[in-house]
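Dropping target_36.cif in here (mmCIF, C-alpha atoms and all ligand atoms):
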```cif
data_upload
loop_
_atom_site.label_atom_id
_atom_site.label_comp_id
_atom_site.auth_asym_id
_atom_site.auth_seq_id
_atom_site.Cartn_x
_atom_site.Cartn_y
_atom_site.Cartn_z
CA PRO U 1 107.94 79.41 72.45
CA ARG U 2 104.94 77.74 70.84
CA LEU U 3 102.73 80.70 71.61
CA ALA U 4 105.42 83.09 70.46
CA ASN U 5 105.64 81.26 67.16
CA GLN U 6 101.92 81.38 66.66
CA ILE U 7 101.80 85.09 67.35
CA ALA U 8 104.75 85.76 65.10
CA ALA U 9 103.13 83.56 62.51
CA GLY U 10 100.56 86.28 62.05
CA GLU U 11 103.23 88.52 60.61
CA VAL U 12 104.20 86.28 57.74
CA VAL U 13 101.40 83.72 57.55
CA GLU U 14 98.05 85.22 56.87
CA ARG U 15 97.02 82.99 54.01
CA PRO U 16 98.44 80.37 51.64
CA ALA U 17 99.85 83.04 49.33
CA ASN U 18 102.21 84.34 52.03
CA ILE U 19 103.53 80.84 52.54
CA ILE U 20 104.19 80.44 48.83
CA LYS U 21 106.17 83.65 48.89
CA GLU U 22 108.31 82.64 51.85
CA LEU U 23 108.97 79.13 50.59
CA VAL U 24 109.76 80.15 47.04
CA GLU U 25 112.11 82.82 48.33
CA ASN U 26 113.88 80.13 50.34
CA SER U 27 114.14 78.03 47.19
CA LEU U 28 115.59 80.97 45.27
CA ASP U 29 118.06 81.65 48.08
CA ALA U 30 119.15 78.02 47.78
CA GLY U 31 120.16 78.60 44.16
CA SER U 32 117.34 76.62 42.58
CA THR U 33 116.92 76.63 38.81
CA ARG U 34 113.55 74.91 38.83
CA ILE U 35 110.67 75.44 41.29
CA GLU U 36 107.45 73.45 41.13
CA ILE U 37 104.40 74.46 43.12
CA ASP U 38 101.39 72.27 43.75
CA VAL U 39 98.34 73.64 45.45
CA GLU U 40 95.16 71.94 46.57
CA GLN U 41 91.98 73.72 47.60
CA GLY U 42 93.46 77.15 47.23
CA GLY U 43 96.45 76.09 49.32
CA ILE U 44 94.41 75.52 52.47
CA LYS U 45 94.59 71.76 52.17
CA LEU U 46 98.05 71.50 50.61
CA LEU U 47 100.95 73.58 49.43
CA ARG U 48 103.91 71.74 48.00
CA ILE U 49 107.06 73.50 46.84
CA ARG U 50 109.74 71.40 45.23
CA ASP U 51 113.13 72.81 44.23
CA ASP U 52 116.48 71.66 42.89
CA GLY U 53 118.55 73.95 45.14
CA HIS U 54 121.54 73.06 47.30
CA GLY U 55 119.42 71.27 49.88
CA ILE U 56 119.75 71.15 53.66
CA PRO U 57 122.24 68.86 55.42
CA LYS U 58 120.71 66.22 57.69
CA ASP U 59 121.81 67.86 60.95
CA ASP U 60 120.41 71.23 59.90
CA LEU U 61 116.95 69.95 59.01
CA PRO U 62 115.37 70.20 62.49
CA LEU U 63 117.27 73.45 63.08
CA ALA U 64 115.79 75.07 60.00
CA LEU U 65 112.38 74.85 61.66
CA SER U 66 113.38 76.58 64.86
CA ARG U 67 112.90 80.26 65.40
CA HIS U 68 115.64 82.65 64.35
CA ALA U 69 117.54 79.82 62.75
CA THR U 70 118.72 81.53 59.63
CA SER U 71 121.77 80.31 57.80
CA LYS U 72 121.91 83.53 55.87
CA ILE U 73 123.24 86.10 58.32
CA SER U 74 126.01 85.70 60.81
CA THR U 75 127.18 89.25 61.43
CA LEU U 76 125.73 92.73 61.57
CA ASP U 77 127.68 93.57 58.42
CA ASP U 78 125.69 90.89 56.64
CA LEU U 79 122.52 92.61 57.73
CA GLU U 80 123.75 95.83 56.20
CA ALA U 81 124.44 94.30 52.82
CA VAL U 82 121.70 91.71 52.80
CA SER U 83 121.24 90.26 49.36
CA SER U 84 119.37 87.07 50.09
CA LEU U 85 115.60 87.29 50.22
CA GLY U 86 115.05 85.76 53.63
CA PHE U 87 117.11 86.86 56.56
CA ARG U 88 115.02 86.68 59.67
CA GLY U 89 114.85 82.98 60.24
CA GLU U 90 111.16 83.09 61.09
CA ALA U 91 109.25 81.75 58.15
CA LEU U 92 109.63 78.02 58.63
CA ALA U 93 109.12 78.19 62.40
CA SER U 94 106.00 80.28 61.94
CA ILE U 95 104.55 78.13 59.18
CA SER U 96 105.23 74.89 61.02
CA SER U 97 103.48 76.19 64.13
CA VAL U 98 100.16 76.57 62.28
CA SER U 99 100.20 73.60 59.88
CA ARG U 100 101.30 70.03 59.32
CA LEU U 101 104.68 70.45 57.71
CA THR U 102 106.97 67.96 56.05
CA MET U 103 110.40 68.94 54.81
CA THR U 104 112.42 66.56 52.67
CA SER U 105 115.85 67.48 51.43
CA ALA U 106 119.04 66.17 49.88
CA THR U 107 122.38 67.86 49.40
CA ALA U 108 124.84 66.91 46.70
CA PRO U 109 126.58 63.71 47.89
CA GLU U 110 130.20 63.93 49.06
CA GLU U 111 132.69 62.15 46.86
CA GLY U 112 132.35 58.41 47.17
CA GLU U 113 129.13 58.70 49.14
CA ALA U 114 125.72 57.56 48.01
CA GLU U 115 122.92 60.04 47.51
CA GLN U 116 120.72 60.23 50.61
CA ALA U 117 117.72 62.35 51.44
CA TRP U 118 116.26 63.12 54.87
CA GLN U 119 112.88 64.15 56.11
CA VAL U 120 111.38 65.88 59.13
CA GLU U 121 107.74 66.21 60.03
CA VAL U 122 106.16 68.70 62.41
CA GLU U 123 102.60 69.15 63.42
CA GLY U 124 101.95 72.49 65.00
CA ARG U 125 104.79 71.98 67.46
CA GLU U 126 107.96 73.96 67.66
CA MET U 127 110.20 70.92 68.09
CA ALA U 128 110.87 68.90 64.99
CA ALA U 129 110.38 65.17 65.25
CA SER U 130 113.20 62.82 64.42
CA VAL U 131 114.94 62.86 61.08
CA LYS U 132 114.04 59.93 58.84
CA PRO U 133 115.68 58.71 55.66
CA ALA U 134 113.75 59.51 52.49
CA ALA U 135 114.01 59.49 48.72
CA HIS U 136 114.58 62.83 46.97
CA PRO U 137 117.00 64.16 44.36
CA LYS U 138 119.27 67.08 45.30
CA GLY U 139 117.01 69.88 46.47
CA THR U 140 114.16 70.40 48.88
CA THR U 141 110.44 69.73 49.03
CA LEU U 142 108.25 71.49 51.56
CA GLU U 143 104.75 70.22 52.13
CA VAL U 144 102.37 72.34 54.16
CA ARG U 145 99.05 70.70 54.93
CA ASP U 146 95.89 71.79 56.73
CA LEU U 147 96.76 75.41 57.28
CA PHE U 148 95.53 76.77 60.65
CA PHE U 149 94.21 73.33 61.67
CA ASN U 150 95.19 74.21 65.24
CA THR U 151 94.15 77.86 65.18
CA PRO U 152 90.43 77.88 64.27
CA ALA U 153 90.16 81.61 64.89
CA ARG U 154 92.70 82.27 62.16
CA ARG U 155 91.17 79.70 59.89
CA LYS U 156 87.96 81.69 59.89
CA PHE U 157 89.72 84.53 58.15
CA LEU U 158 90.52 82.39 55.14
CA ARG U 159 88.31 83.09 52.15
CA THR U 160 86.94 80.71 49.55
CA GLU U 161 89.20 78.30 47.75
CA LYS U 162 88.92 80.46 44.63
CA THR U 163 89.89 83.68 46.39
CA GLU U 164 92.82 82.06 48.18
CA PHE U 165 94.02 80.59 44.91
CA ASN U 166 93.79 83.98 43.22
CA HIS U 167 96.13 85.33 45.87
CA VAL U 168 98.49 82.40 45.34
CA ASP U 169 98.41 83.05 41.59
CA GLU U 170 99.17 86.73 42.13
CA TYR U 171 102.19 85.95 44.33
CA PHE U 172 103.29 83.38 41.79
CA LYS U 173 103.26 86.06 39.09
CA ARG U 174 105.38 88.37 41.19
CA LEU U 175 107.91 85.63 41.88
CA ALA U 176 108.03 84.44 38.27
CA LEU U 177 108.49 88.03 37.10
CA SER U 178 111.38 88.46 39.52
CA ARG U 179 113.54 85.60 38.19
CA TYR U 180 113.41 84.88 34.48
CA ASP U 181 116.38 82.53 34.75
CA VAL U 182 114.40 80.09 36.91
CA ALA U 183 111.81 77.61 35.62
CA PHE U 184 108.52 77.83 37.51
CA SER U 185 105.35 75.81 37.44
CA LEU U 186 102.07 76.13 39.28
CA ARG U 187 99.31 73.55 39.52
CA HIS U 188 95.99 73.87 41.24
CA ASN U 189 94.00 70.74 42.06
CA GLN U 190 96.22 68.84 39.63
CA LYS U 191 95.57 71.26 36.81
CA VAL U 192 98.55 73.06 35.24
CA ILE U 193 98.01 76.80 35.58
CA HIS U 194 101.48 78.00 34.58
CA SER U 195 104.52 76.23 33.21
CA LEU U 196 107.39 78.61 32.55
CA ARG U 197 110.73 77.75 31.03
CA PRO U 198 113.83 79.75 31.92
CA ALA U 199 114.15 82.87 29.78
CA THR U 200 117.41 84.63 29.02
CA ARG U 201 116.73 86.29 25.66
CA GLY U 202 114.51 89.35 25.53
CA ILE U 203 111.95 87.61 23.34
CA ASP U 204 111.61 84.76 25.81
CA LYS U 205 111.20 87.19 28.67
CA GLU U 206 108.38 88.83 26.76
CA LYS U 207 106.85 85.41 26.27
CA ARG U 208 106.90 84.85 30.01
CA VAL U 209 105.30 88.22 30.66
CA ALA U 210 102.67 87.41 28.04
CA ALA U 211 102.04 84.02 29.64
CA LEU U 212 101.58 85.62 33.05
CA LEU U 213 99.82 88.87 32.23
CA GLY U 214 98.22 88.11 28.90
CA PRO U 215 99.58 88.78 25.39
CA LYS U 216 97.62 92.03 25.13
CA PHE U 217 99.84 93.74 27.65
CA ILE U 218 103.09 93.04 25.81
CA ASP U 219 101.48 93.93 22.48
CA ALA U 220 100.53 97.34 23.81
CA ALA U 221 103.63 98.00 25.90
CA LEU U 222 106.67 100.18 25.56
CA HIS U 223 109.99 98.54 26.29
CA ILE U 224 112.11 100.49 28.74
CA ASP U 225 115.87 100.10 28.98
CA SER U 226 117.69 102.98 30.61
CA GLU U 227 120.72 103.65 32.72
CA ALA U 228 121.87 106.86 34.35
CA ALA U 229 123.61 108.10 37.47
CA GLY U 230 124.12 104.62 38.89
CA LEU U 231 120.44 103.78 38.45
CA GLY U 232 118.96 101.41 35.92
CA LEU U 233 115.40 100.89 34.72
CA THR U 234 114.20 98.11 32.44
CA GLY U 235 110.87 96.47 31.70
CA TRP U 236 107.60 97.39 30.06
CA VAL U 237 105.01 100.08 30.53
CA GLY U 238 101.55 99.75 29.07
CA LEU U 239 100.74 102.27 26.38
CA PRO U 240 97.89 104.64 27.16
CA THR U 241 95.79 102.64 24.69
CA PHE U 242 96.20 99.45 26.69
CA SER U 243 93.04 98.69 28.60
CA ARG U 244 93.97 96.13 31.14
CA SER U 245 91.77 93.22 32.04
CA GLN U 246 93.48 92.64 35.37
CA ALA U 247 92.45 95.14 37.99
CA ASP U 248 95.91 95.91 39.24
CA MET U 249 98.68 95.23 36.77
CA GLN U 250 101.47 97.07 38.48
CA TYR U 251 104.72 95.30 39.18
CA PHE U 252 107.73 97.22 40.39
CA PHE U 253 110.93 95.51 41.45
CA VAL U 254 113.87 97.06 43.25
CA ASN U 255 116.99 94.96 42.88
CA GLY U 256 114.79 91.98 42.09
CA ARG U 257 112.31 92.38 44.94
CA ILE U 258 108.71 93.38 44.43
CA VAL U 259 107.99 96.66 46.10
CA ARG U 260 104.96 98.81 46.84
CA ASP U 261 106.20 102.29 47.38
CA ARG U 262 104.37 105.61 47.36
CA LEU U 263 107.30 107.50 45.99
CA VAL U 264 107.61 105.08 43.09
CA ALA U 265 103.86 105.10 42.47
CA HIS U 266 103.84 108.88 42.47
CA ALA U 267 106.72 109.18 40.00
CA ILE U 268 105.05 106.77 37.58
CA LYS U 269 101.68 108.46 37.86
CA GLN U 270 103.25 111.83 37.19
CA ALA U 271 105.00 110.48 34.11
CA TYR U 272 101.68 109.22 32.76
CA ARG U 273 99.76 112.35 33.66
CA ASP U 274 99.76 113.88 30.20
CA VAL U 275 98.99 110.67 28.32
CA LEU U 276 96.42 108.77 30.38
CA TYR U 277 92.77 109.52 30.61
CA HIS U 278 91.66 110.74 33.96
CA GLY U 279 91.21 108.03 36.55
CA ARG U 280 92.83 105.25 34.56
CA GLN U 281 95.60 103.30 36.18
CA PRO U 282 98.82 102.66 34.29
CA ALA U 283 99.97 99.06 33.82
CA PHE U 284 103.66 98.26 34.16
CA VAL U 285 106.34 95.69 34.88
CA LEU U 286 109.47 97.59 35.83
CA TYR U 287 112.85 96.72 37.27
CA LEU U 288 114.89 99.34 39.07
CA THR U 289 118.49 98.62 39.93
CA VAL U 290 120.18 100.71 42.57
CA ASP U 291 123.29 100.33 44.69
CA PRO U 292 122.13 98.05 47.58
CA ALA U 293 123.84 100.39 50.04
CA LEU U 294 121.43 103.14 48.99
CA VAL U 295 118.26 101.24 49.75
CA ASP U 296 116.93 99.81 53.01
CA VAL U 297 114.74 96.74 52.60
CA ASN U 298 114.59 95.78 56.25
CA VAL U 299 111.49 97.84 56.98
CA HIS U 300 108.84 95.17 57.44
CA PRO U 301 108.90 91.36 57.72
CA THR U 302 106.97 90.90 54.51
CA LYS U 303 109.53 93.14 52.85
CA HIS U 304 107.24 94.91 50.43
CA GLU U 305 108.47 98.27 51.54
CA VAL U 306 111.73 99.99 50.81
CA ARG U 307 113.39 103.12 51.98
CA PHE U 308 115.66 104.89 49.53
CA ARG U 309 118.55 106.87 50.95
CA ASP U 310 117.94 109.46 48.26
CA GLY U 311 114.27 109.28 47.43
CA ARG U 312 114.31 112.44 45.40
CA LEU U 313 116.99 111.13 43.06
CA VAL U 314 115.02 107.94 42.49
CA HIS U 315 111.76 109.82 41.98
CA ASP U 316 113.29 112.21 39.47
CA TYR U 317 115.02 109.43 37.59
CA LEU U 318 111.83 107.38 37.29
CA PHE U 319 109.74 110.35 36.28
CA ARG U 320 112.19 111.61 33.67
CA THR U 321 112.86 108.19 32.13
CA LEU U 322 109.20 107.27 31.79
CA HIS U 323 108.00 110.70 30.82
CA LYS U 324 110.52 110.82 27.98
CA ALA U 325 109.56 107.36 26.76
CA LEU U 326 105.85 108.13 26.91
CA ALA U 327 106.21 111.58 25.35
CA ASP U 328 107.46 109.92 22.16
CA VAL U 329 104.21 108.02 21.77
CA ARG U 330 101.84 110.76 22.88
CA PRO U 331 98.75 110.59 20.69
P1 LIG U 401 115.39 82.54 56.51
O1 LIG U 401 114.99 82.33 55.07
O2 LIG U 401 115.02 83.91 56.99
O3 LIG U 401 116.82 82.17 56.80
P2 LIG U 401 113.49 80.47 57.04
O4 LIG U 401 112.72 80.12 58.26
O5 LIG U 401 112.71 80.85 55.82
O6 LIG U 401 114.49 81.61 57.43
O7 LIG U 401 114.43 79.26 56.69
C1 LIG U 401 115.32 78.79 57.68
C2 LIG U 401 116.55 78.14 57.06
O8 LIG U 401 116.19 76.90 56.44
C3 LIG U 401 117.21 78.96 55.96
O9 LIG U 401 118.12 79.90 56.48
C4 LIG U 401 117.90 77.87 55.14
O10 LIG U 401 119.14 77.56 55.70
C5 LIG U 401 117.00 76.67 55.29
N1 LIG U 401 116.11 76.47 54.13
C6 LIG U 401 114.78 76.71 54.08
N2 LIG U 401 114.25 76.39 52.89
C7 LIG U 401 115.28 75.92 52.14
C8 LIG U 401 115.38 75.41 50.79
N3 LIG U 401 114.31 75.33 49.98
N4 LIG U 401 116.60 75.00 50.38
C9 LIG U 401 117.68 75.06 51.19
N5 LIG U 401 117.65 75.54 52.45
C10 LIG U 401 116.46 75.96 52.93
MG MG U 402 113.07 82.40 54.35
#
```
Can you turn what I pasted into structure tokens?
Ligand code: ADP
Ligand code: MG
Amino acid sequence: PRLANQIAAGEVVERPANIIKELVENSLDAGSTRIEIDVEQGGIKLLRIRDDGHGIPKDDLPLALSRHATSKISTLDDLEAVSSLGFRGEALASISSVSRLTMTSATAPEEGEAEQAWQVEVEGREMAASVKPAAHPKGTTLEVRDLFFNTPARRKFLRTEKTEFNHVDEYFKRLALSRYDVAFSLRHNQKVIHSLRPATRGIDKEKRVAALLGPKFIDAALHIDSEAAGLGLTGWVGLPTFSRSQADMQYFFVNGRIVRDRLVAHAIKQAYRDVLYHGRQPAFVLYLTVDPALVDVNVHPTKHEVRFRDGRLVHDYLFRTLHKALADVRP
């Protein structure tokens, strides 16, 4: 099983950024309203994710680290209508097999009981050590140290601290753009990189986007808010005049999940065709909502891909909505 975990780890754990994604998604699944991320040396030395979610009961702590131990799916029907972000029960097992991992958690105390937190530590093994008492408010903290300490071949593929941190920062942006209602913070080597308060009003959402992508984007963006035929599209598209500083400022979410999809990319590019100079890439932060039954997210473990039941409908809707919005501002 140890070898199996290390092989499987390759699927989800390539670099610190992937770990951030998996752990933050777990925190979101646990209903957290505040997620704090601390990173040292690009995440290679330390990744710490602290949340205020529902926590993990003492008896479930060692279980959470074992392979295919997901608390999120119990029947095939669940798999059909999966709404939680994680549902394979692999992430923690994989991460713990290639790092030194500490998980500390506390659930809300039962009536009349005192608050108590518990901790497990694993070091590249698939069996969790014993559960020890600890101090922690309701929620969970995951600490991942010395990534790939036991797999030198994989460690060699890690880039410089700066590059690894850039990837972490990019994943952080995607996560923070996916849940405006959650407070997020990111620190690197003790320095605050982002500190984001929850945003419910439109103006506060724009502030978050500005904080993450730079104020220039929002200043030169068109606000999209459309609904038709059971599909919805909201967000911002950069005006043709917006010259982006970030190489790749393209964020597309389907039912709250970031997605890279050729059909989506094609529809957006087509919509921009008449207004963008040749060769320039459009910048956008867009949110598509679609009936979950009409989209398959279970395509790849990293879940960046989707499969729409009716791709043509989605393509046409995206193209028409954006083309119309952009046509109004055509120079
Ligand atoms: P999955 O997310 O696919 O279920 P993971 O390996 O990521 O698998 O997590 C295993 C289990 O550990 C989850 O199903 C959940 O029950 C628990 N868990 C992990 N992280 C947290 C967290 N931050 N808060 C509460 N429970 C968590
Ligand atoms: Mg998970």
Spatial neighbours of range 175-187 of chain U, max dist 7 Å, only C-alpha atoms, sep filter under 4 positions, as a list in words: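 With the cut-off at 7 Å, the set is Thr33, Arg34, Ile35, Glu36, Ile37, Asp38, Val39, Tyr171, Lys191, Val192, Ile193, His194, Ser195, Leu196, Arg197, Pro198, Ala199, Thr200, Lys205, Gly256 and Arg257 of chain U.
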Ref. answer, residues at most 8 Å from (125.2, 67.4, 43.1) with only C-alpha atoms, as a VMD selection string: chain U and resid 54 107 to 109 138
Point-to-point distance in Å for CA of Asp219 in chain U and CA of Phe319 in chain U: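 Answer for the CA of Phe319 in chain U to CA of Asp219 in chain U separation: 23.0 Å.
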Atom pair CA of Asp51 in chain U / CA of Glu90 in chain U: separation (Å):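 Spanning CA of Asp51 in chain U to CA of Glu90 in chain U is a straight-line distance of 19.8 Å.
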Distance in Å - CA of Ala117 in chain U versus CA of Pro133 in chain U: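 We find that CA of Ala117 in chain U and CA of Pro133 in chain U lie 5.9 Å from each other.
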Pick from U:Leu313, U:Leu322, U:Ile258, U:Ala106 nearest to Glu25 in chain U, counting all atoms listed in the file: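 Closest residue, counting all atoms listed in the file: U:Ile258.
Only residues having an atom at most 8 Å from (115.1, 102.6, 46.2) are included; using all atoms listed in the file, these are Val254, Leu288, Val290, Leu294, Val295, Asp296, Val306, Arg307, Phe308, Arg309, Asp310, Gly311 and Val314 of chain U.
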Residue neighbourhood range 267-282 of chain U, 7 Å, all atoms listed in the file, exclusion window fewer than 5 positions, as a list in words: Gly238, Pro240, His315, Leu318, Phe319, Leu322, His323 and Arg330 of chain U
